[in-house]
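S.K.: Structure: coords15.txt, compact mmCIF, C-alpha atoms.
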```txt
# COMPACT_ATOMS: atom_id res chain seq x y z
CA MET A 713 -25.17 -7.13 -11.45
CA ILE A 714 -24.90 -4.88 -8.40
CA GLN A 715 -26.20 -6.13 -5.06
CA VAL A 716 -26.72 -3.97 -1.98
CA ILE A 717 -27.24 -5.87 1.26
CA ASP A 718 -28.08 -4.00 4.46
CA ASP A 719 -27.37 -5.44 7.92
CA PHE A 720 -25.01 -8.00 6.44
CA LEU A 721 -23.41 -8.99 9.76
CA SER A 722 -24.94 -9.62 13.16
CA PRO A 723 -25.06 -6.41 15.23
CA SER A 724 -22.50 -7.54 17.82
CA TYR A 725 -20.00 -8.76 15.21
CA PHE A 726 -20.36 -5.54 13.23
CA ASP A 727 -19.90 -3.50 16.43
CA LEU A 728 -16.62 -5.31 17.11
CA ILE A 729 -15.29 -4.60 13.61
CA GLU A 730 -16.43 -0.98 13.82
CA LYS A 731 -14.80 -0.48 17.23
CA VAL A 732 -11.45 -1.81 16.01
CA CYS A 733 -11.61 0.30 12.81
CA LEU A 734 -12.40 3.45 14.75
CA THR A 735 -10.00 3.02 17.66
CA GLU A 736 -7.33 0.34 17.15
CA LEU A 737 -5.97 0.40 13.60
CA GLU A 738 -2.70 2.08 12.74
CA TRP A 739 -3.66 3.68 9.45
CA THR A 740 -1.02 4.33 6.76
CA TYR A 741 -1.13 7.56 4.76
CA THR A 742 -1.24 7.31 0.97
CA LYS A 743 -1.09 10.21 -1.50
CA ASN A 744 -3.71 8.54 -3.71
CA ILE A 745 -6.33 6.31 -2.04
CA THR A 746 -7.31 4.82 -5.41
CA ASP A 747 -3.83 3.87 -6.62
CA SER A 748 -0.79 4.46 -4.41
CA ASN A 749 1.45 4.18 -7.49
CA VAL A 750 -0.11 7.26 -9.12
CA ILE A 751 0.63 10.67 -7.67
CA THR A 752 -2.09 13.25 -8.30
CA ASP A 753 -3.21 16.47 -6.70
CA LYS A 754 -3.45 16.62 -2.92
CA SER A 755 -7.21 15.96 -2.88
CA GLN A 756 -6.83 12.24 -3.66
CA PHE A 757 -5.15 11.25 -0.39
CA GLY A 758 -6.45 8.80 2.17
CA TYR A 759 -5.40 6.14 4.65
CA GLY A 760 -5.24 2.40 4.32
CA TYR A 761 -4.85 -0.71 6.39
CA PRO A 762 -4.10 -4.06 4.68
CA ILE A 763 -6.06 -7.15 5.70
CA TYR A 764 -5.08 -9.73 3.03
CA ASP A 765 -2.53 -9.05 0.30
CA GLU A 766 -2.70 -10.31 -3.30
CA ASN A 767 -0.96 -13.53 -2.26
CA GLY A 768 -3.57 -14.29 0.40
CA HIS A 769 -1.21 -13.56 3.25
CA ILE A 770 -2.73 -12.63 6.57
CA MET A 771 -1.54 -9.14 7.35
CA SER A 772 -2.41 -8.47 11.02
CA PHE A 773 -4.46 -9.14 14.13
CA PHE A 774 -7.37 -7.40 12.39
CA THR A 775 -7.39 -10.16 9.78
CA CYS A 776 -8.35 -12.59 12.53
CA ILE A 777 -11.23 -10.35 13.60
CA VAL A 778 -12.65 -9.90 10.07
CA SER A 779 -11.91 -13.43 8.85
CA GLY A 780 -15.49 -14.57 9.54
CA PHE A 781 -16.85 -11.60 7.58
CA LEU A 782 -14.52 -12.26 4.63
CA HIS A 783 -15.33 -15.96 4.46
CA THR A 784 -19.06 -15.30 4.76
CA THR A 785 -18.68 -12.84 1.87
CA LEU A 786 -16.60 -15.37 -0.09
CA ASP A 787 -19.48 -17.87 0.19
CA ARG A 788 -22.02 -15.18 -0.76
CA VAL A 789 -20.17 -14.21 -3.97
CA LYS A 790 -19.55 -17.89 -4.80
CA LYS A 791 -15.85 -17.54 -5.52
CA GLU A 792 -12.89 -19.72 -4.55
CA ARG A 793 -10.62 -17.36 -2.67
CA ILE A 794 -9.99 -13.93 -1.24
CA LEU A 795 -7.65 -12.09 -3.59
CA ARG A 796 -7.14 -8.97 -1.49
CA SER A 797 -8.83 -7.03 1.30
CA ARG A 798 -8.03 -3.70 2.92
CA CYS A 799 -9.60 -0.94 4.98
CA ASP A 800 -9.80 2.49 3.37
CA MET A 801 -10.37 5.78 5.12
CA THR A 802 -10.86 9.21 3.63
CA ILE A 803 -11.36 12.23 5.82
CA ASN A 804 -13.48 15.35 5.64
CA THR A 805 -12.34 17.65 2.85
CA LYS A 806 -14.89 20.45 3.39
CA GLU A 807 -15.76 20.37 -0.34
CA LYS A 808 -17.05 17.30 -2.17
CA ILE A 809 -14.19 15.51 -3.94
CA MET A 810 -14.71 12.53 -6.21
CA HIS A 811 -11.72 10.22 -6.31
CA ILE A 812 -10.36 8.85 -9.58
CA PRO A 813 -12.57 6.22 -11.25
CA HIS A 814 -10.73 2.90 -11.34
CA VAL A 815 -10.87 -0.86 -11.26
CA ASP A 816 -8.97 -2.49 -8.43
CA PHE A 817 -6.82 -4.58 -10.79
CA GLU A 818 -5.99 -2.83 -14.04
CA ASP A 819 -2.41 -3.82 -14.76
CA PRO A 820 -2.29 -6.77 -14.67
CA PHE A 821 -6.00 -7.18 -15.14
CA ILE A 822 -7.55 -9.84 -12.90
CA PRO A 823 -11.27 -10.59 -13.32
CA ASN A 824 -12.81 -10.46 -9.85
CA ILE A 825 -15.84 -9.73 -7.77
CA THR A 826 -15.40 -6.52 -5.80
CA THR A 827 -17.12 -5.82 -2.51
CA ILE A 828 -17.37 -2.69 -0.43
CA PHE A 829 -18.43 -3.02 3.19
CA TYR A 830 -19.21 0.25 4.95
CA ILE A 831 -18.11 0.86 8.51
CA THR A 832 -19.44 4.44 8.68
CA ASP A 833 -22.61 6.24 7.60
CA ASN A 834 -21.87 8.97 5.06
CA GLU A 835 -24.83 10.51 3.29
CA ASP A 836 -22.62 12.75 1.16
CA ALA A 837 -19.73 10.39 0.29
CA GLU A 838 -21.37 7.91 -2.03
CA THR A 839 -19.73 5.15 -4.02
CA VAL A 840 -20.32 5.51 -7.75
CA ILE A 841 -20.28 2.57 -10.15
CA PHE A 842 -20.04 3.54 -13.80
CA ASP A 843 -21.32 1.71 -16.87
CA LYS A 844 -17.86 1.24 -18.41
CA LYS A 845 -15.95 -2.01 -17.95
CA ILE A 846 -12.15 -2.11 -18.00
CA THR A 847 -10.33 -5.34 -18.77
CA GLY A 848 -6.77 -4.09 -18.82
CA LYS A 849 -4.64 -0.96 -18.81
CA CYS A 850 -6.42 1.75 -20.78
CA ASN A 851 -7.20 5.45 -20.87
CA PHE A 852 -10.67 6.92 -20.61
CA GLU A 853 -12.26 10.30 -20.25
CA THR A 854 -14.14 10.81 -17.01
CA SER A 855 -16.61 13.04 -18.85
CA ASP A 856 -17.66 10.06 -21.03
CA LEU A 857 -18.72 7.94 -18.06
CA LYS A 858 -22.37 7.33 -17.24
CA VAL A 859 -23.42 6.47 -13.71
CA LEU A 860 -24.79 2.96 -13.38
CA LYS A 861 -25.50 3.21 -9.64
CA LYS A 862 -24.77 5.44 -6.64
CA ILE A 863 -24.67 3.88 -3.20
CA ASN A 864 -24.65 5.85 0.03
CA PRO A 865 -22.36 4.44 2.71
CA LYS A 866 -24.38 2.95 5.54
CA ARG A 867 -23.01 1.05 8.52
CA ASN A 868 -23.07 -2.73 7.95
CA ARG A 869 -24.01 -2.38 4.25
CA LEU A 870 -22.30 -4.65 1.74
CA VAL A 871 -22.12 -3.84 -1.98
CA ILE A 872 -21.19 -6.60 -4.43
CA PHE A 873 -20.37 -5.97 -8.09
CA ASP A 874 -18.35 -7.16 -11.06
CA GLY A 875 -14.80 -5.89 -10.54
CA ASP A 876 -14.55 -4.95 -14.23
CA TYR A 877 -16.76 -1.89 -13.67
CA LEU A 878 -15.08 1.45 -13.13
CA HIS A 879 -16.01 2.77 -9.71
CA THR A 880 -14.99 5.41 -7.22
CA GLY A 881 -15.97 7.13 -4.01
CA HIS A 882 -16.12 10.60 -2.52
CA SER A 883 -14.47 12.12 0.51
CA PRO A 884 -17.00 13.14 3.16
CA THR A 885 -17.94 16.76 3.79
CA LYS A 886 -20.40 16.30 6.67
CA GLU A 887 -18.81 13.55 8.75
CA ASP A 888 -15.19 13.38 9.95
CA ARG A 889 -14.29 10.25 8.00
CA ARG A 890 -15.50 7.57 5.61
CA ILE A 891 -14.31 4.05 6.43
CA LEU A 892 -14.91 0.90 4.42
CA ILE A 893 -13.48 -2.53 3.75
CA ASN A 894 -12.70 -3.08 0.07
CA SER A 895 -12.24 -6.74 -0.91
CA ASN A 896 -11.74 -8.69 -4.11
CA PHE A 897 -12.58 -12.35 -4.71
CA ILE A 898 -11.64 -14.76 -7.51
```
Would you encode the structure as structure tokens?

M.R.:
Amino acid sequence: MIQVIDDFLSPSYFDLIEKVCLTELEWTYTKNITDSNVITDKSQFGYGYPIYDENGHIMSFFTCIVSGFLHTTLDRVKKERILRSRCDMTINTKEKIMHIPHVDFEDPFIPNITTIFYITDNEDAETVIFDKKITGKCNFETSDLKVLKKINPKRNRLVIFDGDYLHTGHSPTKEDRRILINSNFI
């Protein structure tokens, strides 16, 4: 099941989160936005900002700002706790680059509900959810994947899906950056 919910937060609360994401966060560079432990070609880079780590630890002042959003989402997905949450940012790459398909927890595998909450509009930097489920460390051929759903990033849009599905995103080519909050719930 894949749910897409537009205007998830009230306008003023979303505006606050957006303002902080765009002006206040100290983003950390990573060579691979999908998996910082895997080094690939230069096109896979991005920036991150942790909100909650895998142990449920509050990471920063921003956690306090987005706590209401995360707990509202936790209730919506009907899970018991926030496993992890982070902001991701990719920047304009001039040419369309699809990042590596992945699940957020491959090794060790942790069944979860994954959410993506878009901070920016990006008509050309869609999220792609594939039809293949991964329940542990495994190899797959990207060419064998079939698209289950493509979702265009839209401000204040929340996407909810089974975290077992391979998914990925694209770097923007029209806008300066693509910013989202990626969270996992168990």

S.K.: Under the rule that all atoms listed in the file are counted, which of A:Arg869, A:Lys861, A:Lys806, A:Lys845 is the nearest residue to Ser883 (chain A)?

M.R.: A:Lys806

S.K.: Per residue of region 754-808 of chain A within 10 Å of region 718-735 of chain A, what are the shortest atom pair and its distance in Å to one decimal, counting all atoms listed in the file, with rows by chain and residue number, as JSON lines?

M.R.:
```
{"residue": "A:Tyr761", "atom": "CA", "partner": "A:Cys733", "partner_atom": "CA", "distance": 9.4}
{"residue": "A:Phe774", "atom": "CA", "partner": "A:Val732", "partner_atom": "CA", "distance": 7.8}
{"residue": "A:Ile777", "atom": "CA", "partner": "A:Ile729", "partner_atom": "CA", "distance": 7.0}
{"residue": "A:Val778", "atom": "CA", "partner": "A:Ile729", "partner_atom": "CA", "distance": 6.9}
{"residue": "A:Gly780", "atom": "CA", "partner": "A:Tyr725", "partner_atom": "CA", "distance": 9.3}
{"residue": "A:Phe781", "atom": "CA", "partner": "A:Leu721", "partner_atom": "CA", "distance": 7.4}
{"residue": "A:Thr784", "atom": "CA", "partner": "A:Leu721", "partner_atom": "CA", "distance": 9.2}
{"residue": "A:Thr785", "atom": "CA", "partner": "A:Phe720", "partner_atom": "CA", "distance": 9.2}
{"residue": "A:Cys799", "atom": "CA", "partner": "A:Cys733", "partner_atom": "CA", "distance": 8.2}
{"residue": "A:Asp800", "atom": "CA", "partner": "A:Cys733", "partner_atom": "CA", "distance": 9.9}
{"residue": "A:Met801", "atom": "CA", "partner": "A:Cys733", "partner_atom": "CA", "distance": 9.5}
```

S.K.: Using all atoms listed in the file, which protein or nucleic acid residues come within 9 Å of Thr742 (chain A)? Drop anything in the same chain fewer than 6 positions from it, and give the result as a tab-separated table (two decimals) with C-alpha atoms, keeping the file's coordinate frame.

M.R.:
```tsv
chain	number	residue	atom	x	y	z
A	748	SER	CA	-0.79	4.46	-4.41
A	756	GLN	CA	-6.83	12.24	-3.66
A	757	PHE	CA	-5.15	11.25	-0.39
A	758	GLY	CA	-6.45	8.80	2.17
A	759	TYR	CA	-5.40	6.14	4.65
A	760	GLY	CA	-5.24	2.40	4.32
```

S.K.: Using all atoms listed in the file, determine which residues lie at most 12 Å from Thr746 (chain A), disregarding the query and same-chain residues fewer than 4 positions distant; provide the list as a PDB file with C-alpha atoms, keeping the file's coordinate frame.

M.R.:
```
ATOM      1  CA  THR A 742      -1.240   7.310   0.970  1.00  0.00           C
ATOM      2  CA  VAL A 750      -0.110   7.260  -9.120  1.00  0.00           C
ATOM      3  CA  ILE A 751       0.630  10.670  -7.670  1.00  0.00           C
ATOM      4  CA  THR A 752      -2.090  13.250  -8.300  1.00  0.00           C
ATOM      5  CA  SER A 755      -7.210  15.960  -2.880  1.00  0.00           C
ATOM      6  CA  GLN A 756      -6.830  12.240  -3.660  1.00  0.00           C
ATOM      7  CA  PHE A 757      -5.150  11.250  -0.390  1.00  0.00           C
ATOM      8  CA  GLY A 758      -6.450   8.800   2.170  1.00  0.00           C
ATOM      9  CA  TYR A 759      -5.400   6.140   4.650  1.00  0.00           C
ATOM     10  CA  GLY A 760      -5.240   2.400   4.320  1.00  0.00           C
ATOM     11  CA  ARG A 798      -8.030  -3.700   2.920  1.00  0.00           C
ATOM     12  CA  ASP A 800      -9.800   2.490   3.370  1.00  0.00           C
ATOM     13  CA  MET A 801     -10.370   5.780   5.120  1.00  0.00           C
ATOM     14  CA  THR A 802     -10.860   9.210   3.630  1.00  0.00           C
ATOM     15  CA  MET A 810     -14.710  12.530  -6.210  1.00  0.00           C
ATOM     16  CA  HIS A 811     -11.720  10.220  -6.310  1.00  0.00           C
ATOM     17  CA  ILE A 812     -10.360   8.850  -9.580  1.00  0.00           C
ATOM     18  CA  PRO A 813     -12.570   6.220 -11.250  1.00  0.00           C
ATOM     19  CA  HIS A 814     -10.730   2.900 -11.340  1.00  0.00           C
ATOM     20  CA  VAL A 815     -10.870  -0.860 -11.260  1.00  0.00           C
ATOM     21  CA  ASP A 816      -8.970  -2.490  -8.430  1.00  0.00           C
ATOM     22  CA  PHE A 817      -6.820  -4.580 -10.790  1.00  0.00           C
ATOM     23  CA  GLU A 818      -5.990  -2.830 -14.040  1.00  0.00           C
ATOM     24  CA  LEU A 878     -15.080   1.450 -13.130  1.00  0.00           C
ATOM     25  CA  HIS A 879     -16.010   2.770  -9.710  1.00  0.00           C
ATOM     26  CA  THR A 880     -14.990   5.410  -7.220  1.00  0.00           C
ATOM     27  CA  GLY A 881     -15.970   7.130  -4.010  1.00  0.00           C
ATOM     28  CA  HIS A 882     -16.120  10.600  -2.520  1.00  0.00           C
ATOM     29  CA  SER A 883     -14.470  12.120   0.510  1.00  0.00           C
ATOM     30  CA  ASN A 894     -12.700  -3.080   0.070  1.00  0.00           C
TER      31      ASN A 894
END
```

S.K.: Between CA of Glu736 (chain A) and CA of Ser797 (chain A), what is the distance in Å, rounded to a tenth?

M.R.: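 That distance, rounded to one decimal, is 17.5 Å.
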
S.K.: Fewer than 5 positions away in the same chain doesn't count, so skip those; otherwise give me all residues within 8 Å of Asn896 (chain A), counting all atoms listed in the file, as a PyMOL selection string.

M.R.: chain A and resi 794-797+824-827+875

S.K.: Suppose you want the space between CA of Glu792 (chain A) and CA of Asn864 (chain A); what is it in Å?

M.R.: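 Pair CA of Glu792 (chain A) / CA of Asn864 (chain A) returns 28.5 Å.
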
S.K.: Might I get the box with edges along x, y and z of the file that holds all atoms of region 756-772 of chain A listed there, padded by 5 Å on every side, given as centre and edge lengths in Å to one decimal, as lines of an AutoDock Vina configuration file?

M.R.:
```
center_x = -3.9
center_y = -1.0
center_z = 3.7
size_x = 15.9
size_y = 36.5
size_z = 24.7
```

S.K.: Work out how far apart CA of Asp856 (chain A) and CA of Ile809 (chain A) are and give it in Å to one decimal.

M.R.: 18.3 Å

S.K.: Pick from A:Ile828, A:Leu786, A:Ile770, A:Ile891: nearest to Asn804 (chain A), with all atoms listed in the file counted?

M.R.: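 Closest residue, counting all atoms listed in the file: A:Ile891.
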
S.K.: Between A:Ile863, A:Thr832, A:Ile841, A:Lys808, which one has atoms that come closest to Arg889 (chain A), using all atoms listed in the file?

M.R.: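 Of the candidates, the smallest distance to Arg889 (chain A) is held by A:Thr832.
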
S.K.: Closest to Arg788 (chain A) among A:Ile893, A:Ile872, A:Ile714, A:Ile831, using all atoms listed in the file?

M.R.: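 Result for the nearest residue to Arg788 (chain A): A:Ile872.
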
S.K.: Kindly indicate which residue among A:Asp787, A:Asp874, A:Glu738, A:Asp833 lies nearest to Thr847 (chain A), using all atoms listed in the file for the distances.

M.R.: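 Among A:Asp787, A:Asp874, A:Glu738, A:Asp833, it is A:Asp874 that comes nearest to Thr847 (chain A).
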
S.K.: Given the choices A:Ser779, A:Asn744, A:Asn868, A:Gln715, which gets closest to Phe829 (chain A) if the distance is worked out from all atoms listed in the file?

M.R.: A:Asn868

S.K.: When you look at Lys862 (chain A) with a cut-off of 7 Å (counting only C-alpha atoms), what residues show up, excluding the ones that are within fewer than 3 positions of it in the same chain? I need them as a PyMOL selection string.

M.R.: chain A and resi 838-841
